[in-house]
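Enquirer: Got a structure for you, questions after.
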There are 4 protein chains.
Amino acid sequence: MTNTQLTLVQIDNYGPWTVTPEPRREMDLQTLQSRLFADIAQFVGHRGGYAFFTRFDNMVAVTNGLDADDHRLLQESTGNRYPVTVSLGIAVDANPVVALEQATEHLQHAGSAQDRERREVLAGTPVEASADDDVAIAHFDVNDATEKYTDRLNEFDSFIQIEQGYATLMRHLREEHGGLSFFVGGDNIIAVTPDLDADAYRSAIDHVEETVGVDLKVGVGQGETAHDAGMAAKHALEECRHRGTVVEMNESES
Amino acid sequence: MTNTQLTLVQIDNYGPWTVTPEPRREMDLQTLQSRLFADIAQFVGHRGGYAFFTRFDNMVAVTNGLDADDHRLLQESTGNRYPVTVSLGIAVDANPVVALEQATEHLQHAGSAQDRERREVLAGTPVEASADDDVAIAHFDVNDATEKYTDRLNEFDSFIQIEQGYATLMRHLREEHGGLSFFVGGDNIIAVTPDLDADAYRSAIDHVEETVGVDLKVGVGQGETAHDAGMAAKHALEECRHRGTVVEMNESES
Amino acid sequence: MTNTQLTLVQIDNYGPWTVTPEPRREMDLQTLQSRLFADIAQFVGHRGGYAFFTRFDNMVAVTNGLDADDHRLLQESTGNRYPVTVSLGIAVDANPVVALEQATEHLQHAGSAQDRERREVLAGTPVEASADDDVAIAHFDVNDATEKYTDRLNEFDSFIQIEQGYATLMRHLREEHGGLSFFVGGDNIIAVTPDLDADAYRSAIDHVEETVGVDLKVGVGQGETAHDAGMAAKHALEECRHRGTVVEMNESES
Amino acid sequence: MTNTQLTLVQIDNYGPWTVTPEPRREMDLQTLQSRLFADIAQFVGHRGGYAFFTRFDNMVAVTNGLDADDHRLLQESTGNRYPVTVSLGIAVDANPVVALEQATEHLQHAGSAQDRERREVLAGTPVEASADDDVAIAHFDVNDATEKYTDRLNEFDSFIQIEQGYATLMRHLREEHGGLSFFVGGDNIIAVTPDLDADAYRSAIDHVEETVGVDLKVGVGQGETAHDAGMAAKHALEECRHRGTVVEMNESES
């Protein structure tokens, strides 16, 4: 049974900072946001977690395997190297969106995202490490994306197709199951979910095909950490490719 | 009248590379993608252009102000510092999606995105520099996003709202006008458009409000380059904030 | 008593790579080298270690606190994100230069630094974590560097002074004690040493003053890891500044 | 005849910042310094210049080809993405150290490197672009460094050899000719010099061999920019390797 630890990473007072004293060069903001995300992805990833850029000023991470000291270090190191600071809210629940709800509330209780006084909050209690399969990761991709879209349509129309598929899947998984889905580039979507069986995934895929006409397949894995579960999911997705199937469920590879 | 130069940046053979010989660590892929985008944003941005991460393996840039040598240098520098290479397709048109169509076709004619033999294509002809307002940029944000969403909902539900608003706007601007919209973080969307008047923007905003209930405002600017137009758009957006208006049109600040 | 774990990080086949098929742009090489070092510094630093850029194609790290899995991960992550790979040699000894000798031999036995076939060697046995003060760090800086040099001489002549001081100290500490000294920017030199008393440091400082006329002061710390010892050394150096002393010895702050 | 434009890049108030309110993690400082240098190397390098990390808080760049707007942009972009700001002093002279003297004085006149009030100075007048060979670059490396040192000695003893060679060459070229030499990694040293003939380089090489027993060879190039001159020097160095010579002089490859 899943026991997902979610961390919300929120840049302190970012909106006002981007326009004070004057609006800053947009490409400098894009560079700062992307490099900050990359550093968080490395830090979290090297400890077995997964980080998603989400809105860049607010980023969601699956942090089973990271304790309070790890979170404090990430916060300190960021403050030493960027012109902004981050607040971190941590929570744990069998259901991902419930965990994220609590993680978000930790920060909201401490103050607004645009509260000039609120800096470097660190709230919430990480879960004790366990040997169970605490994390479930589903890795979706679009069938034949290169042939159907990338090599045929202009890039924006390919992008619209991928976005429509993502927007539809993201709502379905969250509303039906509390699962959190993130576009990770190319034609790939990674979701952190509660325990779901193959039928639940088939329903999600059918729903996306019926609603926006985008065909997905999925590999699913479970493990102690997001990395373990995610690597199992990647291998399951390779199975889909080899066997021509739509859903493949995998055990942890840890 | 706009004369938009678009460059499509496509990583060569990326899909196969990410799973050869085995699937690579997801957080390493996220880091590589984000840092590559950041470098492209810096290079393009320092020459007056705008780059958007789009799908990360395919990125769209507005490159008025960058000539063929600039493109060649970006390609060479990337190949010297990353384990992947990029192909670049360039095209120019009054209408952004038409330009992107041609830029994409340049690459498609040279070979598939997953063609192992196709590396570092550089195709298309940059536009001669001109003193006209070649680029139009519209900078949208969500009204009261912090109070309505960030400080109230859990981060994923805030994110869903922003995504729905983005997905709706992106389709509308592309289908009605050939405009290309990109989510750039927070509650911000930047679009490169042809010449549109204030009514066209009001219609787009009404459409998004009616379709998904997300309230946008927009600042619009024009200039020789994306940076000039975009900075004018940012200042116009500040005007919306101060005056409580929904659409503000600005001259170039260059 | 110290028990220093040293890791030699060596880029595989770098010399040939930089000129194949043609010499690469120097600033791209500088960027790649610096960013690779920065990533290693982050990875090692977040686990309590210290990394020094040394010659960039060969970097020395004090890695007490990093086990074999950590080393393997650093190697894998690097190979996923750079156009080069690294080999790692690990060794442990009470005397730093003896440890580095063994770490270097591990790689030399596996093959030349320019052997096209030798890739991603990982050799040597990390030390078991212990609660003793395994690491001794000395943090030197130049007395009144800003007033004497930076604000008075042209930058190259300031730099020559610092370099002469460094070159003299580096030879003395290695030949007398097996200590390894590294210039880390500004007017700062950090050395990893065996157990030395205050007199040994005073002798080293006198030697540098007599030989090249550069006045140093030093803070010394000990701890389980380089970070613990190094932070204690930084605080000891602050003591020198406040008290006007030349040598300050500190306990671990861990 | 050379006409070298030098820019001194100095981080404002860096010493105090690194210890306020407490000493910061050393590996975070190393990462910040290295990544800042990498960004400057990219910016300067993409415009034909060369940047050298020097002391990291003070960096020297050869900036023929960069005008005042380029310098201003580099300064603004840095301030948008780092927790520190930089001051820039620019000067031009046939002799590199004279140019650097003037560039340094520009900053010294504006205030101390540790003056809390002095921020983002931009002083000095870039040279008008010209078609002459304004820049001379000499690229030295150590003969058979891999066989003699890297594959035989422990890394620190290899490093000591390279450092002794560098320290000797740096003093000789500066004192005899006003040339500025910089270690750039591996066994490579790049110098920006006035017009010197092959005999001057042979003398420098003989001096280093006699003084510290380190054998160098050199390729020399001239061009409009450091990149042009430096690439010519790299190719001249390849000639040394193929022909077994000690000094090779080259024309510009631009």
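We name chains A, B, ... following the order of the structure tokens; residues begin at 1 in each chain, and ligands are numbered from 1 as shown.
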Mind listing as JSON, numbers by chain which residues of chain C are within 6 Å of chain D, counting only C-alpha atoms?
Expert: {"C": [27, 31, 34, 35, 38, 41, 45, 55, 56, 57, 101, 104, 108, 112, 151, 154, 185, 186]}
Enquirer: From a DSSP calculation on the backbone, collect every residue of stretch 78-240 of chain D in helix (DSSP H, G or I) and output the set as a ChimeraX atom specification.
Expert: /D:78-81,96-110,145-150,155-177,198-212,226-240
Enquirer: Between atom CA of D:Pro83 and atom CA of A:Val84, what is the distance in Å, rounded to a tenth?
Expert: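 Interatomic distance, atom CA of D:Pro83 to atom CA of A:Val84: 7.7 Å.
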Enquirer: Could you jot down the atom CA of B:Asn13 to atom CA of A:Tyr201 separation for me, Å, one decimal place?
Expert: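 Atom CA of A:Tyr201 lies at a distance of 29.1 Å from atom CA of B:Asn13.
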Enquirer: Hey, can you check how far atom CA of B:Ala138 sits from atom CA of B:Gln222?
Expert: 8.8 Å
